[in-house]
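> Provided below: data_14.txt, containing compact mmCIF, C-alpha atoms.
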```txt
# COMPACT_ATOMS: atom_id res chain seq x y z
CA MET G 625 0.00 0.00 0.00
CA VAL G 626 2.84 2.41 0.86
CA THR G 627 4.49 1.73 -2.51
CA LEU G 628 1.24 2.41 -4.35
CA ALA G 629 0.69 5.65 -2.42
CA ARG G 630 4.16 6.92 -3.30
CA PHE G 631 3.61 5.92 -6.92
CA GLY G 632 0.33 7.86 -6.95
CA MET G 633 2.04 10.98 -5.59
CA ALA G 634 4.73 10.75 -8.29
CA ILE G 635 2.05 10.53 -10.99
CA ALA G 636 0.26 13.57 -9.53
CA LEU G 637 3.45 15.65 -9.49
CA ALA G 638 4.36 14.64 -13.03
CA SER G 639 0.88 15.55 -14.20
CA ALA G 640 1.12 18.97 -12.56
CA VAL G 641 4.38 19.73 -14.38
CA ALA G 642 3.13 18.37 -17.69
CA GLY G 643 -0.04 20.41 -17.35
CA ALA G 644 1.77 23.77 -17.04
CA THR G 645 0.42 26.12 -19.68
CA ALA G 646 2.56 28.15 -22.05
CA GLU G 647 1.40 31.30 -20.24
CA ASN G 648 3.07 30.08 -17.04
CA LEU G 649 6.45 29.40 -18.66
CA LYS G 650 9.28 31.74 -19.53
CA ARG G 651 12.94 31.48 -20.45
CA PHE G 652 15.21 30.67 -17.48
CA GLU G 653 18.20 33.01 -17.59
CA PHE G 654 21.24 31.20 -16.19
CA SER G 655 24.91 31.72 -16.97
CA THR G 656 27.74 29.47 -15.79
CA SER G 657 30.50 31.73 -17.17
CA ASP G 658 31.77 32.83 -13.74
CA MET G 659 30.77 29.89 -11.57
CA ALA G 660 33.33 27.63 -9.99
CA SER G 661 34.34 24.71 -12.18
CA ALA G 662 33.62 21.23 -10.88
CA THR G 663 37.28 20.24 -11.23
CA CYS G 664 40.54 22.14 -11.53
CA ALA G 665 40.94 21.34 -15.24
CA PHE G 666 39.65 22.38 -18.64
CA THR G 667 37.03 20.06 -20.10
CA SER G 668 38.38 20.49 -23.64
CA PRO G 669 41.89 19.36 -24.68
CA LEU G 670 44.73 21.90 -24.64
CA PRO G 671 46.70 22.76 -27.81
CA ALA G 672 49.81 20.71 -28.51
CA ASP G 673 51.99 23.71 -27.73
CA PHE G 674 51.08 26.87 -25.86
CA ALA G 675 52.42 29.60 -23.59
CA VAL G 676 51.19 30.22 -20.03
CA LEU G 677 51.11 33.95 -19.38
CA ALA G 678 50.00 35.41 -16.03
CA ALA G 679 48.80 38.92 -15.19
CA GLY G 680 47.14 40.86 -12.42
CA GLU G 681 47.29 43.29 -9.53
CA TYR G 682 45.52 43.84 -6.20
CA GLY G 683 42.68 45.58 -8.00
CA GLY G 684 42.07 47.51 -11.20
CA ARG G 685 40.61 50.94 -11.71
CA PRO G 686 37.37 51.61 -9.79
CA THR G 687 33.98 51.35 -11.46
CA ASP G 688 30.69 52.77 -10.19
CA PHE G 689 29.00 49.38 -9.71
CA GLN G 690 29.14 46.11 -7.78
CA ILE G 691 29.39 42.55 -9.05
CA ASP G 692 29.08 40.71 -5.72
CA GLN G 693 28.03 41.06 -2.10
CA SER G 694 31.50 41.81 -0.70
CA GLY G 695 30.67 45.46 -0.06
CA HIS G 696 33.52 46.49 -2.38
CA GLU G 697 32.96 48.37 -5.59
CA ALA G 698 34.04 46.39 -8.64
CA THR G 699 37.30 47.18 -10.37
CA ARG G 700 38.14 46.66 -14.01
CA ILE G 701 41.32 45.53 -15.74
CA ASP G 702 41.70 45.84 -19.51
CA ALA G 703 44.09 43.12 -20.69
CA LEU G 704 45.45 43.13 -24.25
CA VAL G 705 47.04 39.84 -25.37
CA ASN G 706 49.58 39.71 -28.20
CA SER G 707 51.15 36.37 -29.10
CA SER G 708 52.09 35.72 -32.70
CA ASN G 709 54.02 32.48 -32.13
CA LYS G 710 51.75 30.13 -30.20
CA PRO G 711 48.36 29.90 -28.47
CA VAL G 712 48.08 31.41 -24.98
CA ILE G 713 46.66 30.17 -21.70
CA LEU G 714 46.01 33.10 -19.34
CA MET G 715 46.32 33.04 -15.55
CA LEU G 716 44.62 36.19 -14.23
CA GLY G 717 44.37 37.20 -10.59
CA ALA G 718 43.16 40.16 -8.50
CA TYR G 719 42.15 40.47 -4.86
CA GLU G 720 39.30 42.93 -5.35
CA PRO G 721 36.11 41.96 -7.21
CA THR G 722 37.22 42.53 -10.78
CA VAL G 723 35.90 42.44 -14.32
CA TRP G 724 38.65 41.37 -16.72
CA ASN G 725 38.01 42.91 -20.13
CA ILE G 726 40.05 40.96 -22.69
CA GLY G 727 41.24 42.07 -26.11
CA TRP G 728 43.83 40.64 -28.48
CA THR G 729 45.75 41.31 -31.67
CA ARG G 730 44.74 39.69 -34.93
CA GLY G 731 46.46 36.30 -35.13
CA THR G 732 46.52 35.79 -31.36
CA GLU G 733 44.76 32.67 -30.09
CA ILE G 734 43.56 32.58 -26.47
CA ALA G 735 43.09 28.89 -25.73
CA GLY G 736 41.77 29.26 -22.19
CA VAL G 737 41.70 31.29 -18.98
CA LEU G 738 42.23 30.46 -15.32
CA VAL G 739 40.97 33.48 -13.35
CA SER G 740 41.22 33.78 -9.60
CA GLY G 741 41.11 36.18 -6.68
CA TYR G 742 39.72 36.65 -3.21
CA HIS G 743 36.42 38.22 -4.26
CA ARG G 744 34.38 37.52 -7.39
CA GLN G 745 36.17 37.64 -10.74
CA ALA G 746 34.44 37.91 -14.13
CA VAL G 747 35.79 37.63 -17.66
CA ALA G 748 34.45 39.75 -20.53
CA GLY G 749 35.53 40.27 -24.12
CA LEU G 750 36.12 36.63 -25.07
CA PRO G 751 33.95 34.64 -27.49
CA LYS G 752 31.39 32.35 -25.92
CA GLY G 753 32.81 28.88 -25.62
CA THR G 754 36.30 29.99 -24.59
CA PRO G 755 37.33 27.59 -21.77
CA ILE G 756 37.37 29.44 -18.44
CA ILE G 757 38.10 28.15 -14.95
CA ASN G 758 36.86 30.64 -12.35
CA SER G 759 38.26 29.71 -8.93
CA THR G 760 38.16 32.29 -6.13
CA TYR G 761 38.04 32.31 -2.34
CA ASP G 762 34.44 33.49 -2.42
CA ASN G 763 33.20 30.74 -4.74
CA ARG G 764 35.36 28.07 -3.07
CA GLY G 765 36.75 27.10 -6.46
CA PRO G 766 38.52 23.76 -7.03
CA CYS G 767 41.86 25.42 -7.85
CA GLY G 768 41.95 27.42 -4.63
CA HIS G 769 42.60 31.14 -4.99
CA PHE G 770 45.45 33.47 -5.86
CA TYR G 771 46.00 37.04 -6.89
CA ILE G 772 49.05 38.44 -8.59
CA LYS G 773 51.45 40.91 -7.01
CA ALA G 774 55.21 41.30 -7.44
CA ASP G 775 55.81 39.81 -3.98
CA GLN G 776 53.21 37.03 -4.24
CA LEU G 777 54.23 34.81 -7.14
CA ASP G 778 55.46 31.68 -5.35
CA GLY G 779 52.28 29.66 -5.85
CA LEU G 780 51.82 30.32 -9.58
CA ASN G 781 54.19 27.70 -11.00
CA PRO G 782 52.92 24.80 -8.82
CA LEU G 783 49.35 25.61 -9.82
CA ALA G 784 50.25 26.01 -13.51
CA ARG G 785 52.00 22.62 -13.50
CA ARG G 786 48.99 21.04 -11.81
CA VAL G 787 46.46 22.45 -14.29
CA PHE G 788 48.45 22.84 -17.53
CA GLY G 789 51.41 20.50 -17.06
CA ARG G 790 53.94 23.33 -17.35
CA ALA G 791 55.20 26.41 -15.51
CA VAL G 792 54.30 30.03 -16.20
CA ASP G 793 56.34 31.52 -19.03
CA LYS G 794 56.05 35.14 -17.87
CA VAL G 795 54.14 37.37 -15.44
CA TYR G 796 52.84 40.81 -16.42
CA LEU G 797 51.89 43.25 -13.67
CA SER G 798 48.89 45.41 -14.35
CA ARG G 799 49.08 49.14 -13.65
CA LYS G 800 45.99 51.26 -12.95
CA GLY G 801 43.71 48.72 -14.57
CA LYS G 802 45.64 48.10 -17.80
CA VAL G 803 48.12 45.45 -18.89
CA VAL G 804 49.70 44.23 -22.13
CA ILE G 805 50.31 40.48 -22.04
CA GLY G 806 52.88 39.10 -24.48
CA GLU G 807 54.81 40.88 -27.19
CA SER G 808 54.86 44.64 -27.66
CA PHE G 809 53.01 46.14 -30.64
CA ASP G 810 52.71 49.47 -32.41
CA ASP G 811 49.77 51.85 -32.75
CA GLN G 812 48.89 50.50 -36.20
CA THR G 813 48.21 47.00 -34.89
CA GLU G 814 44.59 45.86 -35.22
CA LEU G 815 43.07 45.12 -31.80
CA LEU G 816 40.01 42.89 -31.42
CA THR G 817 37.52 41.90 -28.73
CA SER G 818 34.22 40.03 -28.61
CA ALA G 819 30.82 41.53 -27.84
CA ASP G 820 29.50 38.16 -26.64
CA VAL G 821 30.10 39.07 -22.99
CA THR G 822 30.47 42.74 -22.06
CA PRO G 823 31.91 44.21 -18.82
CA ASP G 824 28.60 45.90 -18.00
CA SER G 825 26.75 42.59 -18.16
CA PHE G 826 28.18 41.71 -14.73
CA ARG G 827 26.72 44.80 -13.05
CA ASP G 828 24.46 43.99 -10.11
CA GLN G 829 21.34 45.83 -11.25
CA LYS G 830 19.76 45.57 -7.77
CA ALA G 831 22.68 47.26 -6.00
CA VAL G 832 23.09 51.01 -5.60
CA LEU G 833 25.89 52.79 -7.41
CA ALA G 834 29.22 52.29 -5.67
CA GLY G 835 31.70 54.70 -4.07
CA PRO G 836 31.54 58.46 -4.75
CA ALA G 837 29.06 57.91 -7.59
CA GLY G 838 26.63 56.31 -5.14
CA LEU G 839 26.93 59.22 -2.70
CA ALA G 840 26.46 61.79 -5.45
CA ASP G 841 23.39 59.90 -6.67
CA ALA G 842 21.91 59.91 -3.15
CA VAL G 843 22.42 63.70 -2.94
CA ARG G 844 20.65 64.18 -6.29
CA LYS G 845 17.72 62.08 -5.05
CA GLY G 846 17.39 64.04 -1.79
CA ILE G 847 18.44 61.09 0.36
CA LEU G 848 21.59 62.86 1.57
CA ARG G 849 22.73 66.45 1.77
CA VAL G 850 26.30 67.69 2.11
CA ALA G 851 27.17 68.42 5.75
CA THR G 852 28.12 71.98 6.74
CA ALA G 853 30.32 73.42 9.50
CA ALA G 854 27.11 74.13 11.44
CA ASP G 855 26.27 70.41 11.37
CA VAL G 856 29.68 69.63 12.85
CA ARG G 857 29.30 72.21 15.62
CA ALA G 858 25.81 70.91 16.43
CA TRP G 859 27.07 67.34 16.82
CA ASP G 860 29.96 68.42 19.04
CA ALA G 861 27.59 70.43 21.24
CA ALA G 862 25.20 67.48 21.49
CA THR G 863 27.95 65.04 22.47
CA ARG G 864 29.21 67.38 25.19
CA LYS G 865 25.69 67.75 26.55
CA ALA G 866 25.13 63.99 26.49
CA ALA G 867 28.38 63.19 28.27
CA SER G 868 28.04 62.17 31.91
CA ALA G 869 28.97 64.73 34.55
CA ASP G 870 31.27 62.07 36.02
CA THR G 871 33.28 61.71 32.81
CA PRO G 872 36.81 63.02 33.50
CA PRO G 873 38.30 65.56 31.08
CA VAL G 874 40.71 64.26 28.44
CA ALA G 875 44.02 66.01 27.84
CA GLY G 876 43.99 67.70 24.46
CA GLY G 877 40.21 67.92 24.17
CA ASN G 878 37.05 65.86 23.97
CA LEU G 879 37.50 62.49 22.30
CA LEU G 880 33.91 62.66 21.12
CA ALA G 881 34.52 65.89 19.21
CA THR G 882 34.53 65.50 15.46
CA ARG G 883 36.94 68.46 14.93
CA GLU G 884 36.31 68.44 11.20
CA ILE G 885 34.49 66.33 8.67
CA HIS G 886 35.97 64.98 5.46
CA ASN G 887 33.34 64.10 2.89
CA GLY G 888 30.43 64.61 5.30
CA TYR G 889 26.73 64.05 4.66
CA VAL G 890 23.49 64.44 6.61
CA VAL G 891 21.11 61.51 6.13
CA LEU G 892 17.59 62.65 5.24
CA LYS G 893 15.96 59.29 4.49
CA GLY G 894 16.67 55.63 5.02
CA PHE G 895 18.99 54.18 2.38
CA GLU G 896 21.65 51.54 1.71
CA LEU G 897 25.26 52.69 1.89
CA PRO G 898 27.10 52.33 -1.40
CA ALA G 899 29.95 49.86 -1.61
CA GLY G 900 33.56 50.97 -1.65
CA LEU G 901 33.60 53.51 1.21
CA TYR G 902 37.27 52.85 1.95
CA GLY G 903 40.38 55.04 2.15
CA ALA G 904 39.96 58.31 0.30
CA HIS G 905 36.36 57.32 -0.49
CA SER G 906 35.40 57.09 3.19
CA ALA G 907 32.73 59.47 4.48
CA THR G 908 31.00 60.71 7.63
CA PHE G 909 27.23 60.33 7.94
CA ILE G 910 25.22 62.39 10.43
CA VAL G 911 21.88 60.75 11.23
CA PRO G 912 19.30 63.17 12.72
CA LYS G 913 16.93 61.96 15.42
CA GLY G 914 14.04 59.99 13.95
CA VAL G 915 15.84 59.16 10.69
CA PRO G 916 16.69 55.46 10.13
CA VAL G 917 20.36 54.53 10.31
CA PRO G 918 21.59 53.54 6.81
CA THR G 919 22.12 49.84 6.12
CA GLY G 920 25.13 48.31 4.36
CA LYS G 921 28.86 48.28 5.07
CA LEU G 922 30.54 51.39 6.50
CA GLY G 923 33.98 50.45 5.21
CA HIS G 924 36.37 53.07 6.63
CA SER G 925 33.53 55.54 7.16
CA ARG G 926 31.71 56.53 10.36
CA MET G 927 28.15 57.17 11.51
CA LEU G 928 27.24 59.97 13.95
CA ASP G 929 23.80 58.93 15.19
CA TYR G 930 21.59 61.36 17.13
CA ASN G 931 19.23 58.49 17.97
CA SER G 932 21.85 56.79 20.15
CA MET G 933 24.38 59.63 20.48
CA HIS G 934 27.05 57.16 19.41
CA CYS G 935 29.81 57.37 16.84
CA THR G 936 30.16 54.12 14.90
CA GLY G 937 33.00 53.24 12.57
CA ALA G 938 36.78 53.06 12.27
CA LEU G 939 37.34 56.81 12.45
CA CYS G 940 35.58 57.02 15.83
CA ARG G 941 38.43 55.09 17.44
CA ALA G 942 40.85 57.75 16.26
CA GLY G 943 38.88 60.42 18.09
CA ARG G 944 38.46 62.43 14.92
```
Would you mind giving the structure from this file in structure tokens?

Amino acid sequence: MVTLARFGMAIALASAVAGATAENLKRFEFSTSDMASATCAFTSPLPADFAVLAAGEYGGRPTDFQIDQSGHEATRIDALVNSSNKPVILMLGAYEPTVWNIGWTRGTEIAGVLVSGYHRQAVAGLPKGTPIINSTYDNRGPCGHFYIKADQLDGLNPLARRVFGRAVDKVYLSRKGKVVIGESFDDQTELLTSADVTPDSFRDQKAVLAGPAGLADAVRKGILRVATAADVRAWDAATRKAASADTPPVAGGNLLATREIHNGYVVLKGFELPAGLYGAHSATFIVPKGVPVPTGKLGHSRMLDYNSMHCTGALCRAGR
């Protein structure tokens, strides 16, 4: 009886799927181009002879968008490959989430790509069907993860021998998001790329603009306004008033005082912080009483919140 009951349920489920009308169905958009490979190997055979050329840096030039949930704005590296003698296997690595935009000279054959990094990596500019192994820390790829810096090259040859059966022929260090891989060329050389996969196709359409572009967009939309000297004085006065009468004075001034604000904004509405608020892109956000505290990652920024009278963020520890 149990077997028959289970069989009846299976028939019912199958009938439900088979009975789906055309109006209920649509194309399922799914790309495996930047997913981790099942194994640390190309599924198609390698050329009889090829060069292994590696390139990368910590991160390329900043973009105004995100490609993952790391809280970092995406960077972009334009890589031009020129190899007239033999096909090329590329080993590309960056720490930051990076879109690799690939171009090549006429006559160059790119036989495959192993791309890696800490955060998400994506490869654009190559024809569909080009073998790509995408193995990063974030996607727990089968080849582990690496990124390329002048002082971090020790692991490249062992990995290249494991995957390709030979060591890396040469490493090219990217500078400010650009790198030429292979032989030099002149300005008259014809450069090619493929429109099959574009850099912008990896943009997270649901995420706000990243970095300074995201802050400027929030100002345009009336979500933020630029903080003034009066806003700074008001916060300092409020923190002094809120301090306990038993709090001893601190030599050199009040640690709660903001002194000055670099890249300061007053929050007018609830919003999600843009990615990439690190280093020179860090900011100070003043949250008036009754306004929701922004969500998202502060990075190197800080939040001065009238609701709690607390300073939150890395800069608060510096007493600035």
> With distances taken over only C-alpha atoms, which residue among G:Ala735, G:Leu704, G:Ile713, G:Leu797 lies nearest Ala679 of chain G?
G:Leu797
> Counting all atoms listed in the file, which residues of segment 762-855 of chain G fall within 12 Å of segment 906-915 of chain G, and what is the closest atom pair for each with its distance in Å at one decimal, ordered by chain and rising number, as JSON lines?

```
{"residue": "G:Ala834", "atom": "CA", "partner": "G:Ser906", "partner_atom": "CA", "distance": 11.8}
{"residue": "G:Gly835", "atom": "CA", "partner": "G:Ser906", "partner_atom": "CA", "distance": 8.5}
{"residue": "G:Pro836", "atom": "CA", "partner": "G:Ser906", "partner_atom": "CA", "distance": 8.9}
{"residue": "G:Gly838", "atom": "CA", "partner": "G:Ala907", "partner_atom": "CA", "distance": 11.8}
{"residue": "G:Leu839", "atom": "CA", "partner": "G:Ala907", "partner_atom": "CA", "distance": 9.2}
{"residue": "G:Ala840", "atom": "CA", "partner": "G:Ala907", "partner_atom": "CA", "distance": 12.0}
{"residue": "G:Ile847", "atom": "CA", "partner": "G:Val915", "partner_atom": "CA", "distance": 10.8}
{"residue": "G:Leu848", "atom": "CA", "partner": "G:Phe909", "partner_atom": "CA", "distance": 8.9}
{"residue": "G:Arg849", "atom": "CA", "partner": "G:Phe909", "partner_atom": "CA", "distance": 9.8}
{"residue": "G:Val850", "atom": "CA", "partner": "G:Phe909", "partner_atom": "CA", "distance": 9.4}
{"residue": "G:Ala851", "atom": "CA", "partner": "G:Ile910", "partner_atom": "CA", "distance": 7.9}
{"residue": "G:Thr852", "atom": "CA", "partner": "G:Ile910", "partner_atom": "CA", "distance": 10.7}
{"residue": "G:Ala854", "atom": "CA", "partner": "G:Ile910", "partner_atom": "CA", "distance": 11.9}
{"residue": "G:Asp855", "atom": "CA", "partner": "G:Ile910", "partner_atom": "CA", "distance": 8.1}
```
> Which of these, G:Asp692, G:Asp820, G:Glu681, G:Glu896, has the shortest distance to Pro751 of chain G once you count only C-alpha atoms?
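The shortest atom-to-atom distance to Pro751 of chain G comes from G:Asp820.
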> In Å, rounded to a single decimal, give me how far atom CA of Ala784 of chain G is from atom CA of His769 of chain G.
12.5 Å
> Hey, which of G:Gly753, G:Gly680, G:Gly695, G:Gly789 ends up closest to Val739 of chain G? Count all atoms listed in the file.
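When distances to Val739 of chain G are compared using all atoms listed in the file, the smallest one comes from G:Gly680.
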> Quick check, in Å to one decimal: how far apart do atom CA of Gly846 of chain G and atom CA of Leu928 of chain G lie?
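Going from atom CA of Gly846 of chain G over to atom CA of Leu928 of chain G covers 19.0 Å.
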